[in-house]
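Everything below belongs to upload.cif, which stores mmCIF, C-alpha atoms.
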data_final
loop_
_atom_site.group_PDB
_atom_site.id
_atom_site.type_symbol
_atom_site.label_atom_id
_atom_site.label_comp_id
_atom_site.auth_asym_id
_atom_site.auth_seq_id
_atom_site.Cartn_x
_atom_site.Cartn_y
_atom_site.Cartn_z
ATOM 1 C CA MET A 11 31.352 -6.222 26.663
ATOM 2 C CA THR A 12 34.657 -7.969 26.146
ATOM 3 C CA SER A 13 37.920 -6.078 26.549
ATOM 4 C CA THR A 14 40.386 -5.837 23.674
ATOM 5 C CA VAL A 15 41.894 -9.231 22.911
ATOM 6 C CA ASP A 16 44.632 -10.555 20.675
ATOM 7 C CA VAL A 17 42.563 -11.834 17.756
ATOM 8 C CA ASN A 18 45.577 -13.434 16.068
ATOM 9 C CA ALA A 19 46.229 -15.397 19.256
ATOM 10 C CA LEU A 20 42.616 -16.583 19.232
ATOM 11 C CA LEU A 21 42.932 -17.740 15.621
ATOM 12 C CA ALA A 22 46.205 -19.486 16.414
ATOM 13 C CA GLY A 23 44.530 -21.155 19.384
ATOM 14 C CA ALA A 24 41.643 -22.239 17.190
ATOM 15 C CA ALA A 25 44.154 -23.910 14.874
ATOM 16 C CA THR A 26 45.949 -25.590 17.768
ATOM 17 C CA ASN A 27 42.639 -26.952 19.049
ATOM 18 C CA GLY A 28 41.567 -28.179 15.626
ATOM 19 C CA LEU A 29 38.730 -25.698 15.125
ATOM 20 C CA ILE A 30 40.394 -24.471 11.947
ATOM 21 C CA THR A 31 43.498 -25.617 10.097
ATOM 22 C CA GLN A 32 46.906 -24.016 10.514
ATOM 23 C CA ASP A 33 46.780 -22.925 6.867
ATOM 24 C CA THR A 34 43.459 -21.151 7.402
ATOM 25 C CA SER A 35 44.708 -19.451 10.563
ATOM 26 C CA GLN A 36 47.816 -18.138 8.830
ATOM 27 C CA ALA A 37 45.866 -16.929 5.795
ATOM 28 C CA LEU A 38 43.397 -15.029 7.970
ATOM 29 C CA GLN A 39 46.201 -13.341 9.877
ATOM 30 C CA ILE A 40 47.921 -12.320 6.632
ATOM 31 C CA ILE A 41 44.849 -10.504 5.284
ATOM 32 C CA ASP A 42 44.661 -8.508 8.526
ATOM 33 C CA ILE A 43 40.991 -8.492 9.546
ATOM 34 C CA GLY A 44 41.671 -8.553 13.275
ATOM 35 C CA ALA A 45 40.081 -5.165 14.004
ATOM 36 C CA GLN A 46 36.875 -6.158 12.209
ATOM 37 C CA ILE A 47 36.749 -9.451 14.106
ATOM 38 C CA GLN A 48 37.327 -7.624 17.396
ATOM 39 C CA ALA A 49 34.301 -5.411 16.686
ATOM 40 C CA GLY A 50 32.015 -8.435 16.711
ATOM 41 C CA LEU A 51 33.293 -10.390 19.736
ATOM 42 C CA GLY A 52 30.991 -8.726 22.224
ATOM 43 C CA PHE A 53 30.257 -10.227 25.628
ATOM 44 C CA ASN A 54 32.831 -11.172 28.240
ATOM 45 C CA CYS A 55 33.008 -14.941 28.605
ATOM 46 C CA ASP A 56 33.537 -14.569 32.358
ATOM 47 C CA ASP A 57 29.952 -13.332 32.614
ATOM 48 C CA VAL A 58 28.434 -16.476 31.086
ATOM 49 C CA VAL A 59 26.378 -18.540 33.528
ATOM 50 C CA ALA A 60 24.801 -20.946 31.005
ATOM 51 C CA ALA A 61 26.120 -24.518 30.842
ATOM 52 C CA GLU A 62 26.312 -24.203 27.061
ATOM 53 C CA VAL A 63 26.386 -21.281 24.642
ATOM 54 C CA VAL A 64 24.683 -21.183 21.265
ATOM 55 C CA LEU A 65 26.089 -18.558 18.900
ATOM 56 C CA VAL A 66 23.621 -17.302 16.304
ATOM 57 C CA THR A 67 25.326 -15.140 13.698
ATOM 58 C CA MET A 68 23.776 -13.249 10.802
ATOM 59 C CA LEU A 69 25.561 -11.521 7.923
ATOM 60 C CA ILE A 70 22.892 -9.453 6.180
ATOM 61 C CA ASP A 71 23.127 -7.755 2.803
ATOM 62 C CA ASP A 72 22.722 -3.979 2.966
ATOM 63 C CA SER A 73 23.444 -3.288 -0.712
ATOM 64 C CA GLY A 74 21.406 -0.652 -2.490
ATOM 65 C CA SER A 75 19.644 -3.250 -4.642
ATOM 66 C CA ILE A 76 17.826 -4.586 -1.575
ATOM 67 C CA ARG A 77 15.886 -1.337 -1.469
ATOM 68 C CA LYS A 78 16.053 0.025 -5.015
ATOM 69 C CA THR A 79 15.675 -3.109 -7.141
ATOM 70 C CA GLY A 80 13.834 -5.613 -5.018
ATOM 71 C CA GLY A 81 12.004 -3.407 -2.544
ATOM 72 C CA ASN A 82 12.962 -5.929 0.111
ATOM 73 C CA ALA A 83 14.293 -3.687 2.890
ATOM 74 C CA GLN A 84 11.264 -4.105 5.140
ATOM 75 C CA ALA A 85 11.166 -7.843 4.471
ATOM 76 C CA VAL A 86 14.765 -8.051 5.707
ATOM 77 C CA ARG A 87 13.919 -6.097 8.849
ATOM 78 C CA ASP A 88 10.893 -8.285 9.489
ATOM 79 C CA GLY A 89 12.934 -11.445 8.906
ATOM 80 C CA HIS A 90 15.649 -10.495 11.374
ATOM 81 C CA ASN A 91 13.073 -9.533 13.984
ATOM 82 C CA MET A 92 11.115 -12.757 13.464
ATOM 83 C CA ILE A 93 14.226 -14.844 14.109
ATOM 84 C CA VAL A 94 14.869 -13.007 17.370
ATOM 85 C CA ASP A 95 11.242 -13.334 18.487
ATOM 86 C CA ASP A 96 11.158 -17.047 17.652
ATOM 87 C CA LEU A 97 14.363 -17.646 19.616
ATOM 88 C CA LEU A 98 13.035 -15.715 22.608
ATOM 89 C CA ALA A 99 10.130 -18.167 22.707
ATOM 90 C CA THR A 100 12.441 -21.193 23.113
ATOM 91 C CA LYS A 101 13.402 -22.773 26.421
ATOM 92 C CA GLN A 102 17.059 -22.250 25.536
ATOM 93 C CA ALA A 103 16.773 -18.463 25.168
ATOM 94 C CA ALA A 104 19.098 -17.777 28.110
ATOM 95 C CA GLN A 105 22.026 -19.564 26.462
ATOM 96 C CA ILE A 106 21.708 -17.907 23.050
ATOM 97 C CA PHE A 107 24.012 -15.051 22.042
ATOM 98 C CA VAL A 108 23.507 -13.232 18.748
ATOM 99 C CA HIS A 109 25.718 -11.142 16.468
ATOM 100 C CA THR A 110 24.543 -9.333 13.324
ATOM 101 C CA ARG A 111 26.836 -7.627 10.836
ATOM 102 C CA TYR A 112 25.906 -5.931 7.577
ATOM 103 C CA LEU A 113 27.568 -6.762 4.295
ATOM 104 C CA ASN A 114 29.229 -3.340 4.041
ATOM 105 C CA GLY A 115 30.981 -3.753 7.380
ATOM 106 C CA LYS A 116 28.654 -2.106 9.900
ATOM 107 C CA VAL A 117 28.147 -4.122 13.079
ATOM 108 C CA LEU A 118 24.507 -3.826 14.103
ATOM 109 C CA TYR A 119 25.491 -5.417 17.397
ATOM 110 C CA PRO A 120 28.358 -7.669 18.540
ATOM 111 C CA TYR A 121 27.638 -10.932 20.339
ATOM 112 C CA ILE A 122 25.109 -10.082 23.021
ATOM 113 C CA ALA A 123 22.556 -11.997 25.053
ATOM 114 C CA LEU A 124 19.392 -12.740 23.107
ATOM 115 C CA ASP A 125 17.183 -10.642 25.381
ATOM 116 C CA GLN A 126 19.361 -7.591 24.664
ATOM 117 C CA VAL A 127 19.125 -7.785 20.855
ATOM 118 C CA PRO A 128 17.624 -4.605 19.353
ATOM 119 C CA LYS A 129 14.938 -4.685 16.705
ATOM 120 C CA MET A 130 16.019 -3.940 13.167
ATOM 121 C CA THR A 131 14.318 -0.748 11.994
ATOM 122 C CA SER A 132 14.546 1.799 9.201
ATOM 123 C CA LYS A 133 16.855 3.813 11.479
ATOM 124 C CA ASN A 134 19.509 1.103 11.840
ATOM 125 C CA TYR A 135 19.044 -0.688 8.494
ATOM 126 C CA ASP A 136 19.088 1.485 5.379
ATOM 127 C CA PRO A 137 20.546 -0.603 2.532
ATOM 128 C CA ASN A 138 22.596 1.545 0.164
ATOM 129 C CA GLY A 139 26.020 -0.084 -0.247
ATOM 130 C CA GLY A 140 27.741 -2.604 -2.493
ATOM 131 C CA THR A 141 28.074 -6.395 -2.279
ATOM 132 C CA PRO A 142 31.458 -7.400 -0.791
ATOM 133 C CA LEU A 143 30.058 -10.858 -0.072
ATOM 134 C CA PHE A 144 33.257 -12.892 0.138
ATOM 135 C CA GLU A 145 35.241 -10.303 2.098
ATOM 136 C CA GLN A 146 32.628 -9.872 4.802
ATOM 137 C CA SER A 147 31.835 -13.581 4.904
ATOM 138 C CA LEU A 148 35.475 -14.119 5.866
ATOM 139 C CA VAL A 149 35.221 -11.490 8.590
ATOM 140 C CA THR A 150 31.966 -12.903 9.936
ATOM 141 C CA LEU A 151 32.981 -16.563 9.913
ATOM 142 C CA SER A 152 36.348 -15.693 11.455
ATOM 143 C CA THR A 153 34.504 -13.833 14.211
ATOM 144 C CA VAL A 154 32.450 -16.960 14.895
ATOM 145 C CA MET A 155 35.569 -19.061 15.306
ATOM 146 C CA ALA A 156 37.401 -16.447 17.375
ATOM 147 C CA LYS A 157 34.429 -16.265 19.754
ATOM 148 C CA THR A 158 34.231 -20.051 19.812
ATOM 149 C CA GLN A 159 37.890 -20.175 20.810
ATOM 150 C CA GLN A 160 37.309 -17.590 23.545
ATOM 151 C CA LEU A 161 34.554 -19.744 25.003
ATOM 152 C CA ASP A 162 36.639 -22.884 24.619
ATOM 153 C CA ASP A 163 39.457 -21.197 26.546
ATOM 154 C CA ASP A 164 36.970 -20.844 29.429
ATOM 155 C CA ALA A 165 35.828 -24.470 29.059
ATOM 156 C CA ILE A 166 32.327 -23.407 27.968
ATOM 157 C CA PRO A 167 30.730 -25.782 25.428
ATOM 158 C CA VAL A 168 29.608 -23.910 22.335
ATOM 159 C CA ARG A 169 27.656 -24.587 19.151
ATOM 160 C CA GLY A 170 27.017 -22.115 16.371
ATOM 161 C CA ILE A 171 24.854 -21.455 13.348
ATOM 162 C CA THR A 172 25.707 -18.710 10.861
ATOM 163 C CA VAL A 173 23.373 -17.460 8.145
ATOM 164 C CA ILE A 174 24.621 -15.374 5.221
ATOM 165 C CA VAL A 175 21.850 -13.405 3.489
ATOM 166 C CA THR A 176 22.335 -11.691 0.116
ATOM 167 C CA ASP A 177 20.409 -10.619 -2.973
ATOM 168 C CA GLY A 178 23.273 -10.844 -5.436
ATOM 169 C CA GLU A 179 26.723 -12.024 -6.407
ATOM 170 C CA ASP A 180 29.930 -10.751 -4.864
ATOM 171 C CA SER A 181 31.088 -7.437 -6.313
ATOM 172 C CA THR A 182 34.788 -7.927 -5.538
ATOM 173 C CA ARG A 183 35.645 -11.588 -6.222
ATOM 174 C CA ASP A 184 37.821 -11.424 -3.129
ATOM 175 C CA ARG A 185 39.023 -14.844 -1.917
ATOM 176 C CA PRO A 186 36.037 -17.201 -2.377
ATOM 177 C CA ASP A 187 38.578 -20.035 -2.027
ATOM 178 C CA LEU A 188 39.462 -18.939 1.499
ATOM 179 C CA VAL A 189 35.785 -18.595 2.409
ATOM 180 C CA ALA A 190 35.203 -22.174 1.239
ATOM 181 C CA LYS A 191 38.225 -23.411 3.202
ATOM 182 C CA LEU A 192 37.033 -21.721 6.373
ATOM 183 C CA VAL A 193 33.511 -23.119 5.925
ATOM 184 C CA ALA A 194 34.981 -26.612 5.477
ATOM 185 C CA ASP A 195 36.982 -26.227 8.697
ATOM 186 C CA MET A 196 33.892 -25.089 10.588
ATOM 187 C CA LEU A 197 31.717 -27.919 9.321
ATOM 188 C CA ALA A 198 34.406 -30.439 10.233
ATOM 189 C CA THR A 199 33.989 -29.530 13.915
ATOM 190 C CA GLU A 200 30.400 -30.896 13.720
ATOM 191 C CA ASN A 201 29.353 -28.098 16.100
ATOM 192 C CA GLN A 202 28.958 -25.408 13.458
ATOM 193 C CA ILE A 203 26.453 -24.855 10.655
ATOM 194 C CA VAL A 204 26.898 -22.333 7.836
ATOM 195 C CA ALA A 205 23.852 -21.501 5.716
ATOM 196 C CA GLY A 206 23.121 -19.230 2.775
ATOM 197 C CA MET A 207 19.837 -17.506 2.017
ATOM 198 C CA GLY A 208 19.231 -15.741 -1.280
ATOM 199 C CA ILE A 209 16.814 -12.859 -1.731
ATOM 200 C CA TYR A 210 15.294 -12.981 -5.205
ATOM 201 C CA ASP A 211 16.725 -10.504 -7.715
ATOM 202 C CA GLY A 212 15.433 -12.136 -10.883
ATOM 203 C CA HIS A 213 18.712 -13.529 -12.234
ATOM 204 C CA THR A 214 21.373 -14.583 -9.698
ATOM 205 C CA ASP A 215 22.127 -18.301 -9.389
ATOM 206 C CA PHE A 216 22.305 -18.382 -5.603
ATOM 207 C CA THR A 217 23.027 -22.095 -5.500
ATOM 208 C CA ALA A 218 26.207 -21.483 -7.506
ATOM 209 C CA VAL A 219 27.172 -18.473 -5.380
ATOM 210 C CA PHE A 220 26.840 -20.299 -2.075
ATOM 211 C CA ARG A 221 28.423 -23.485 -3.412
ATOM 212 C CA SER A 222 31.495 -21.447 -4.363
ATOM 213 C CA MET A 223 31.686 -20.460 -0.703
ATOM 214 C CA GLY A 224 31.632 -24.094 0.425
ATOM 215 C CA ILE A 225 28.093 -24.058 1.786
ATOM 216 C CA PRO A 226 26.385 -27.477 1.415
ATOM 217 C CA ASP A 227 23.324 -27.695 -0.832
ATOM 218 C CA ASN A 228 21.024 -28.653 2.053
ATOM 219 C CA TRP A 229 21.869 -25.327 3.723
ATOM 220 C CA ILE A 230 21.229 -23.177 0.653
ATOM 221 C CA HIS A 231 17.902 -21.426 0.109
ATOM 222 C CA ASP A 232 17.728 -20.481 -3.569
ATOM 223 C CA PRO A 233 14.717 -18.174 -4.063
ATOM 224 C CA LYS A 234 14.331 -19.311 -7.678
ATOM 225 C CA ARG A 235 12.355 -22.174 -6.201
ATOM 226 C CA ASP A 236 10.147 -19.743 -4.274
ATOM 227 C CA PRO A 237 10.727 -15.973 -4.748
ATOM 228 C CA SER A 238 8.802 -15.008 -1.608
ATOM 229 C CA PRO A 239 11.221 -13.523 0.963
ATOM 230 C CA THR A 240 8.772 -14.589 3.671
ATOM 231 C CA LYS A 241 9.313 -18.247 2.744
ATOM 232 C CA GLY A 242 13.066 -17.869 3.042
ATOM 233 C CA TRP A 243 12.976 -16.119 6.392
ATOM 234 C CA ASN A 244 10.531 -18.704 7.757
ATOM 235 C CA LEU A 245 12.874 -21.531 6.783
ATOM 236 C CA VAL A 246 15.840 -19.769 8.352
ATOM 237 C CA SER A 247 13.992 -18.955 11.564
ATOM 238 C CA GLN A 248 12.624 -22.468 12.006
ATOM 239 C CA SER A 249 16.028 -24.039 11.375
ATOM 240 C CA ILE A 250 17.824 -21.732 13.826
ATOM 241 C CA ALA A 251 15.194 -22.371 16.505
ATOM 242 C CA ARG A 252 15.522 -26.154 16.094
ATOM 243 C CA PHE A 253 19.305 -25.919 16.192
ATOM 244 C CA SER A 254 19.251 -23.778 19.338
ATOM 245 C CA GLN A 255 17.165 -26.419 21.087
ATOM 246 C CA GLY A 256 19.656 -29.162 20.278
ATOM 247 C CA GLY A 257 17.449 -30.900 17.755
ATOM 248 C CA SER A 258 18.691 -32.675 14.658
ATOM 249 C CA VAL A 259 18.681 -30.241 11.758
ATOM 250 C CA GLY A 260 19.525 -31.654 8.356
ATOM 251 C CA GLY A 261 19.017 -28.444 6.403
ATOM 252 C CA PHE A 262 16.392 -25.872 5.519
ATOM 253 C CA GLY A 263 12.956 -27.388 6.012
ATOM 254 C CA THR A 264 14.472 -30.694 7.192
ATOM 255 C CA PRO A 265 13.715 -31.862 10.744
#
Representation of the structure as C-alpha cells:
Amino acid sequence: MTSTVDVNALLAGAATNGLITQDTSQALQIIDIGAQIQAGLGFNCDDVVAAEVVLVTMLIDDSGSIRKTGGNAQAVRDGHNMIVDDLLATKQAAQIFVHTRYLNGKVLYPYIALDQVPKMTSKNYDPNGGTPLFEQSLVTLSTVMAKTQQLDDDAIPVRGITVIVTDGEDSTRDRPDLVAKLVADMLATENQIVAGMGIYDGHTDFTAVFRSMGIPDNWIHDPKRDPSPTKGWNLVSQSIARFSQGGSVGGFGTP
C-alpha cells in the first residue's frame, strides 16, 4: 500500500500538468477532502511492473433505498463481482487496478491489483445510508486524478474509467457545479471516461441527474429505458472490459 502522501501537492501537480484546471485544483483543496482521497490511493507506484496502468473506479450507492425500496442489494453485489470476473478474463488483467468506494464514504478497497479485489458480499455491502451523490462523486473523481498524477510522476502511462452507480437523486445538493467542472477536466485529457448508471427506483430522471454532473449522454444508463438491473450491469461490465483492452468505446453498448 502507498505511504501517506501530500494530496494537495498531487492536485497542484495535476493542475500544472494539465490534468485538471488550476481553478478546480484550488476548489478541491478549499473543501478539504484530502483525507478521504488518501484513503483510496492504495498501491505504491514503485511496485508497478506493467507498461501501462488502467484504473477502474466504482462509486456504488449504499443508501437504504437500494435494499428497502428496490430490493436491489444482491443485484449490486452480483454486478460488482461480474465486472471483476470479466476483467480477470481479459489479457490486460495484470495492468488493471481497481478502487471501490460506497456512497456514504466507506472504502471497500483502495486501488489494488485486480487479482486482489475481494468479492462484494452481504458482509461488506449492507446498504442503509443516505445519498450524498455529489459530495462523494467529488471525492471519488479527485482520487482518480490524484492517483493518475502519482503514476504520471513515475512516468507510468495511465488511463481510467470511473462508473458512478446510484438509485436516486443527491440528498445534499452539495456542489454539482464542481462535479461537472471536474468531469469536464477529466474528459479533456482524452484518457479518462466518467459514466453514470442508474438503478431503477420508479421516478428519478437519471439522465437529468447525471447530466447535471457533466456526464455525457452516451455514458449515461437511464433504467427508465430498461428497468432490469442486470441489463445495466452488463452494459457497464462490457464497456469497462473493452476500455481496459484499449478498444474504442463510444459509450454504453457502443463498440
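Among A:Thr67, A:Thr26, A:Thr199, A:Thr31, the residue with the shortest atom-to-atom distance to Val149 of chain A, counting all atoms listed in the file, is A:Thr67.
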Residues proximal to (45.5, -23.0, 4.2) were defined as those with any atom within 12 Å of that point in the file's coordinates, counting all atoms listed in the file. Which are they, as a ChimeraX atom specification? /A:25,30-40,187-192,194-195
Work out how far atom CA of Met92 of chain A is from atom CA of Asp215 of chain A, in Å to one decimal. 26.0 Å
As a ChimeraX atom specification, please: the residues near Val15 of chain A (cut-off 10 Å, all atoms listed in the file, same-chain neighbours under 3 positions excluded). /A:12,18-20,44-45,48,51,160
Residues near Ser73 of chain A, anyone? I mean within 8 Å using all atoms listed in the file, not counting same-chain ones fewer than 6 positions away, as a PDB file with C-alpha atoms, in the frame of the given file.
ATOM      1  CA  LEU A 113      27.568  -6.762   4.295  1.00  0.00           C
ATOM      2  CA  ASN A 114      29.229  -3.340   4.041  1.00  0.00           C
ATOM      3  CA  PRO A 137      20.546  -0.603   2.532  1.00  0.00           C
ATOM      4  CA  ASN A 138      22.596   1.545   0.164  1.00  0.00           C
ATOM      5  CA  GLY A 139      26.020  -0.084  -0.247  1.00  0.00           C
ATOM      6  CA  GLY A 140      27.741  -2.604  -2.493  1.00  0.00           C
ATOM      7  CA  THR A 141      28.074  -6.395  -2.279  1.00  0.00           C
TER       8      THR A 141
END
Pull the closest atom pair for each residue of segment 21-126 of chain A that gets at most 9 Å from segment 231-251 of chain A, along with the distance in Å to one decimal, counting all atoms listed in the file, ordering rows by chain and then ascending residue number, as CSV.
residue,atom,partner,partner_atom,distance
A:Val66,CA,A:Ile250,CA,7.7
A:Asn82,CA,A:Pro239,CA,7.8
A:Ala85,CA,A:Pro239,CA,6.7
A:Val86,CA,A:Pro239,CA,8.1
A:Asp88,CA,A:Trp243,CA,8.7
A:Gly89,CA,A:Trp243,CA,5.3
A:His90,CA,A:Trp243,CA,8.0
A:Met92,CA,A:Ser247,CA,7.1
A:Ile93,CA,A:Ser247,CA,4.8
A:Val94,CA,A:Ser247,CA,8.4
A:Asp96,CA,A:Ala251,CA,6.8
A:Leu97,CA,A:Ala251,CA,5.7
A:Thr100,CA,A:Ala251,CA,7.3
Dump as a compact mmCIF listing (two decimals), in the frame of the given file, selection limited to C-alpha atoms:
# COMPACT_ATOMS: atom_id res chain seq x y z
CA VAL A 66 23.62 -17.30 16.30
CA ASN A 82 12.96 -5.93 0.11
CA ALA A 85 11.17 -7.84 4.47
CA VAL A 86 14.76 -8.05 5.71
CA ASP A 88 10.89 -8.28 9.49
CA GLY A 89 12.93 -11.44 8.91
CA HIS A 90 15.65 -10.50 11.37
CA MET A 92 11.12 -12.76 13.46
CA ILE A 93 14.23 -14.84 14.11
CA VAL A 94 14.87 -13.01 17.37
CA ASP A 96 11.16 -17.05 17.65
CA LEU A 97 14.36 -17.65 19.62
CA THR A 100 12.44 -21.19 23.11
Using only C-alpha atoms, the best pick from A:Asp177, A:Glu145, A:Asp42, A:Asp162 as closest to Met207 of chain A would be A:Asp177
My list of candidates is A:Ala165, A:Ala198, A:Val154, A:Ile171. Which is closest to Arg252 of chain A when distances are computed with all atoms listed in the file? A:Ile171
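Nearest to Ile43 of chain A of all the residues A:Met130, A:Leu151, A:Cys55, A:Val108 is A:Leu151, based on all atoms listed in the file.
Among the candidates A:Leu143, A:Leu98, A:Val259, A:Val58, the residue lying nearest to Ile70 of chain A is A:Leu143 (atoms considered: only C-alpha atoms).
The space separating atom CA of Ala24 of chain A from atom CA of Glu200 of chain A comes to 14.6 Å.
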Atom CA of Arg169 of chain A to atom CA of Leu65 of chain A, straight-line distance in Å: 6.2 Å
Option closest in space to Gly170 of chain A, from A:Gln146, A:Gln126, A:Asn134, A:Ser254 [counting all atoms listed in the file]: A:Ser254
All residues 6 Å or closer to Thr110 of chain A, only C-alpha atoms, same chain fewer than 2 positions away omitted, as a JSON list (two decimals) with C-alpha atoms, keeping the file's coordinate frame:
[["chain", "number", "residue", "atom", "x", "y", "z"],
["A", 67, "THR", "CA", 25.33, -15.14, 13.70],
["A", 68, "MET", "CA", 23.78, -13.25, 10.80],
["A", 69, "LEU", "CA", 25.56, -11.52, 7.92],
["A", 118, "LEU", "CA", 24.51, -3.83, 14.10],
["A", 119, "TYR", "CA", 25.49, -5.42, 17.40]]
Using the chain letters and numbers from this file, what does the PyMOL selection byres ((chain A and resi 219-227) around 7) select? Give the answer as a VMD selection string. chain A and resid 179 186 189 to 190 193 to 194 204 to 206 215 to 218 228 to 230
Segment 42-64 of chain A from the block above, N, CA and C atoms, as a PDB file, in the first residue's frame, please?
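Generated output (selection_20.pdb):
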ATOM      1  N   ASP A  42     -11.368  20.640   1.366  1.00  0.00           N
ATOM      2  CA  ASP A  42     -10.670  19.799   2.343  1.00  0.00           C
ATOM      3  C   ASP A  42     -11.150  18.351   2.348  1.00  0.00           C
ATOM      4  N   ILE A  43     -10.899  17.650   1.248  1.00  0.00           N
ATOM      5  CA  ILE A  43     -11.248  16.224   1.160  1.00  0.00           C
ATOM      6  C   ILE A  43      -9.994  15.353   1.047  1.00  0.00           C
ATOM      7  N   GLY A  44      -8.865  15.935   1.434  1.00  0.00           N
ATOM      8  CA  GLY A  44      -7.592  15.228   1.280  1.00  0.00           C
ATOM      9  C   GLY A  44      -7.540  13.877   1.983  1.00  0.00           C
ATOM     10  N   ALA A  45      -8.067  13.817   3.213  1.00  0.00           N
ATOM     11  CA  ALA A  45      -8.017  12.553   3.964  1.00  0.00           C
ATOM     12  C   ALA A  45      -8.844  11.472   3.273  1.00  0.00           C
ATOM     13  N   GLN A  46      -9.981  11.853   2.705  1.00  0.00           N
ATOM     14  CA  GLN A  46     -10.820  10.878   2.009  1.00  0.00           C
ATOM     15  C   GLN A  46     -10.149  10.404   0.723  1.00  0.00           C
ATOM     16  N   ILE A  47      -9.472  11.327   0.026  1.00  0.00           N
ATOM     17  CA  ILE A  47      -8.734  10.936  -1.169  1.00  0.00           C
ATOM     18  C   ILE A  47      -7.611   9.978  -0.795  1.00  0.00           C
ATOM     19  N   GLN A  48      -6.872  10.321   0.252  1.00  0.00           N
ATOM     20  CA  GLN A  48      -5.759   9.481   0.708  1.00  0.00           C
ATOM     21  C   GLN A  48      -6.208   8.047   0.953  1.00  0.00           C
ATOM     22  N   ALA A  49      -7.419   7.879   1.497  1.00  0.00           N
ATOM     23  CA  ALA A  49      -7.919   6.544   1.833  1.00  0.00           C
ATOM     24  C   ALA A  49      -8.122   5.667   0.605  1.00  0.00           C
ATOM     25  N   GLY A  50      -8.210   6.271  -0.568  1.00  0.00           N
ATOM     26  CA  GLY A  50      -8.440   5.479  -1.768  1.00  0.00           C
ATOM     27  C   GLY A  50      -7.221   5.244  -2.630  1.00  0.00           C
ATOM     28  N   LEU A  51      -6.078   5.884  -2.321  1.00  0.00           N
ATOM     29  CA  LEU A  51      -4.933   5.856  -3.239  1.00  0.00           C
ATOM     30  C   LEU A  51      -4.295   4.482  -3.385  1.00  0.00           C
ATOM     31  N   GLY A  52      -4.244   3.729  -2.305  1.00  0.00           N
ATOM     32  CA  GLY A  52      -3.838   2.332  -2.436  1.00  0.00           C
ATOM     33  C   GLY A  52      -2.392   2.082  -2.787  1.00  0.00           C
ATOM     34  N   PHE A  53      -2.163   1.299  -3.845  1.00  0.00           N
ATOM     35  CA  PHE A  53      -0.868   0.696  -4.132  1.00  0.00           C
ATOM     36  C   PHE A  53       0.253   1.720  -4.326  1.00  0.00           C
ATOM     37  N   ASN A  54       1.459   1.251  -4.043  1.00  0.00           N
ATOM     38  CA  ASN A  54       2.664   2.057  -4.225  1.00  0.00           C
ATOM     39  C   ASN A  54       3.079   1.990  -5.690  1.00  0.00           C
ATOM     40  N   CYS A  55       3.215   3.129  -6.317  1.00  0.00           N
ATOM     41  CA  CYS A  55       3.551   3.170  -7.738  1.00  0.00           C
ATOM     42  C   CYS A  55       4.902   2.526  -8.032  1.00  0.00           C
ATOM     43  N   ASP A  56       5.801   2.524  -7.057  1.00  0.00           N
ATOM     44  CA  ASP A  56       7.112   1.907  -7.257  1.00  0.00           C
ATOM     45  C   ASP A  56       7.013   0.406  -7.490  1.00  0.00           C
ATOM     46  N   ASP A  57       5.894  -0.189  -7.101  1.00  0.00           N
ATOM     47  CA  ASP A  57       5.722  -1.631  -7.248  1.00  0.00           C
ATOM     48  C   ASP A  57       5.111  -2.024  -8.587  1.00  0.00           C
ATOM     49  N   VAL A  58       4.769  -1.047  -9.415  1.00  0.00           N
ATOM     50  CA  VAL A  58       4.125  -1.341 -10.696  1.00  0.00           C
ATOM     51  C   VAL A  58       5.157  -1.840 -11.695  1.00  0.00           C
ATOM     52  N   VAL A  59       4.868  -2.980 -12.315  1.00  0.00           N
ATOM     53  CA  VAL A  59       5.759  -3.528 -13.342  1.00  0.00           C
ATOM     54  C   VAL A  59       5.123  -3.468 -14.725  1.00  0.00           C
ATOM     55  N   ALA A  60       3.836  -3.161 -14.808  1.00  0.00           N
ATOM     56  CA  ALA A  60       3.143  -3.082 -16.099  1.00  0.00           C
ATOM     57  C   ALA A  60       3.604  -1.849 -16.869  1.00  0.00           C
ATOM     58  N   ALA A  61       3.596  -1.950 -18.204  1.00  0.00           N
ATOM     59  CA  ALA A  61       3.993  -0.827 -19.052  1.00  0.00           C
ATOM     60  C   ALA A  61       2.944   0.271 -19.045  1.00  0.00           C
ATOM     61  N   GLU A  62       1.713  -0.094 -18.731  1.00  0.00           N
ATOM     62  CA  GLU A  62       0.614   0.861 -18.648  1.00  0.00           C
ATOM     63  C   GLU A  62      -0.314   0.425 -17.526  1.00  0.00           C
ATOM     64  N   VAL A  63      -0.952   1.387 -16.885  1.00  0.00           N
ATOM     65  CA  VAL A  63      -1.919   1.092 -15.832  1.00  0.00           C
ATOM     66  C   VAL A  63      -3.299   1.551 -16.281  1.00  0.00           C
ATOM     67  N   VAL A  64      -4.280   0.702 -16.030  1.00  0.00           N
ATOM     68  CA  VAL A  64      -5.678   1.053 -16.251  1.00  0.00           C
ATOM     69  C   VAL A  64      -6.352   1.121 -14.889  1.00  0.00           C
TER      70      VAL A  64
END
